[in-house]
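*Asks:* Right, I'll just put the structure down here and ask away after.
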Amino acid sequence: ELAATLRETAEKGVLRADATMPAFVLPDSNGELVSSDTLLATGPLVVVFFRGGWCPFCRTTLAALNELQPELAALGVNMVAISPEAGEYAAELSNETGLCFPVLSDIDGAVGILFGTMFRVPDKLRKFYLWAGIDLTQRTGDQAWFLPMPAAFVVDAHGVVRHVHVSGDI
């Protein structure tokens, strides 16, 4: 049931190619504010949404993107990863994995909502996460239990979304 709902959300509710990317300002893992305008000032941008450092699939994806990052940088492309996790968890992830691109904290999910990636974690999955020791209230500082679907947006230097990949398969 969750998979079908997320698949439908991914197909209908996510920001589409040819749309203008919403502007945002979010703190990075060091607490410094990073704006989308600054990221776009030097060229195209890849925006990646992930659930958190606790997610092994997300960590694997981020590691693969980290390997790709020098090639993208050589082409003048910036990359940024966005998670609802609070700054200390973003810093921990960045330090443990040696990420070469910023990890931004979208703790209230507002940017994820603008991109259309957020979903409310159903009670059954919430109970499983708590059983597994994953307390999103602690990790996000928010009791709403929203997470982003895994998603990547390729945005040109003018802020226009050129490619979208989103997966309802969490």
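Chain lettering (A, B, ...) mirrors the order of the structure tokens, residue numbering begins at 1 for each chain separately, and ligand numbering begins at 1 in order of display.
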Hey, what does DSSP flag as strand (DSSP E) within stretch 14-159 of chain A? Can you give it to me as an MDAnalysis selection string?

*Replies:* chainID A and resid 25:27 33:35 45:49 78:83 103:105 118:120 146:148 151:155

*Asks:* Any idea what's packed within 12 Å of stretch 123-139 of chain A, counting only C-alpha atoms, ignoring anything in its chain fewer than 4 positions away? Could you give it as a list in words?

*Replies:* Glu1, Leu2, Ala3, Arg51, Gly52, Gly53, Trp54, Cys55, Ser83, Pro84, Glu85, Ala86, Gly87, Glu88, Tyr89, Ala90, Glu92, Ser105, Asp106, Ile107, Asp108, Gln143, Ala144, Trp145, Phe146, Leu147 and Ile170 of chain A

*Asks:* Looking at only C-alpha atoms, which of A:Leu68, A:Asp37, A:Pro148, A:Ala17 is the one that sits closest to A:Thr117?

*Replies:*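 Of the candidates, the smallest distance to A:Thr117 is held by A:Pro148.
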
*Asks:* From chain A, collect each residue whose DSSP state is helix (DSSP H, G or I) and return the set as JSON, numbers by chain.

*Replies:* {"A": [2, 3, 4, 5, 6, 7, 8, 9, 10, 11, 12, 36, 37, 38, 39, 40, 56, 57, 58, 59, 60, 61, 62, 63, 64, 65, 66, 67, 68, 69, 70, 71, 72, 73, 74, 87, 88, 89, 90, 91, 92, 93, 94, 95, 96, 97, 110, 111, 112, 113, 114, 115, 123, 124, 125, 126, 127, 128, 129, 130, 131, 136, 137, 138, 139, 140]}

*Asks:* Just to confirm, what's the straight-line distance from atom CA of A:Ala81 to atom CA of A:Phe115 in Å (one decimal)?

*Replies:*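 Distance reported for this atom pair: 13.2 Å.
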
*Asks:* Using only C-alpha atoms, pick whichever of A:Gly141, A:Gly76, A:Gly112, A:Gly168 has the shortest atom-to-atom distance to A:Ala23.

*Replies:* A:Gly112

*Asks:* Mind checking which residues fall within 12 Å of A:Glu67, counting only C-alpha atoms, ignoring those fewer than 3 positions away in the same chain, and posting them as a count of residues only?

*Replies:* 15

*Asks:* Expressed in Å to a single decimal, how great is the separation between atom CA of A:Ala19 and atom CA of A:Gly109?

*Replies:*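 Atom-to-atom, atom CA of A:Ala19 and atom CA of A:Gly109 are spaced 19.8 Å apart.
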
*Asks:* Do you know which residues are at most 12 Å from A:Thr42 counting only C-alpha atoms, after dropping those on the same chain fewer than 2 positions away, and could you put them as a count of residues only?

*Replies:* 18

*Asks:* Report, in Å to a single decimal, how far apart atom CA of A:Val164 and atom CA of A:Ile82 are.

*Replies:*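 Here the two named atoms are 15.1 Å from each other.
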
*Asks:* Just checking: using only C-alpha atoms, which residue out of A:Leu93, A:Val80, A:Leu33, A:Leu104 ends up closest to A:Pro56?

*Replies:*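 Looking only at the distances to A:Pro56, the closest residue turns out to be A:Leu93.
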
*Asks:* Need to verify the contact set: A:Gly116, 10 Å, only C-alpha atoms, exclusion of same-chain residues closer than 6 positions in sequence. Can you return it as number ranges by chain?

*Replies:* A: 9-10, 12-16, 110, 148-149, 151, 166

*Asks:* Keeping C-alpha atoms, export the residues of the selection given above as a PDB file, in the first residue's frame.

*Replies:*
ATOM      1  CA  THR A   9       3.082  10.678  -5.469  1.00  0.00           C
ATOM      2  CA  ALA A  10       6.332  10.364  -7.415  1.00  0.00           C
ATOM      3  CA  LYS A  12       2.053  13.197  -9.919  1.00  0.00           C
ATOM      4  CA  GLY A  13       3.327  15.471  -7.176  1.00  0.00           C
ATOM      5  CA  VAL A  14       7.014  16.014  -7.855  1.00  0.00           C
ATOM      6  CA  LEU A  15       8.484  19.069  -9.547  1.00  0.00           C
ATOM      7  CA  ARG A  16       8.700  18.355 -13.269  1.00  0.00           C
ATOM      8  CA  ALA A 110       9.689  23.011   3.557  1.00  0.00           C
ATOM      9  CA  PRO A 148      11.580  12.777   1.334  1.00  0.00           C
ATOM     10  CA  MET A 149      11.367  10.155  -1.365  1.00  0.00           C
ATOM     11  CA  ALA A 151      15.031  12.087  -5.696  1.00  0.00           C
ATOM     12  CA  VAL A 166      12.359  10.224  -8.196  1.00  0.00           C
TER      13      VAL A 166
END

*Asks:* Out of A:Val34, A:Val161, A:Met118, A:Val155, which residue has the shortest atom-to-atom distance to A:Phe50 when counting only C-alpha atoms?

*Replies:* A:Met118
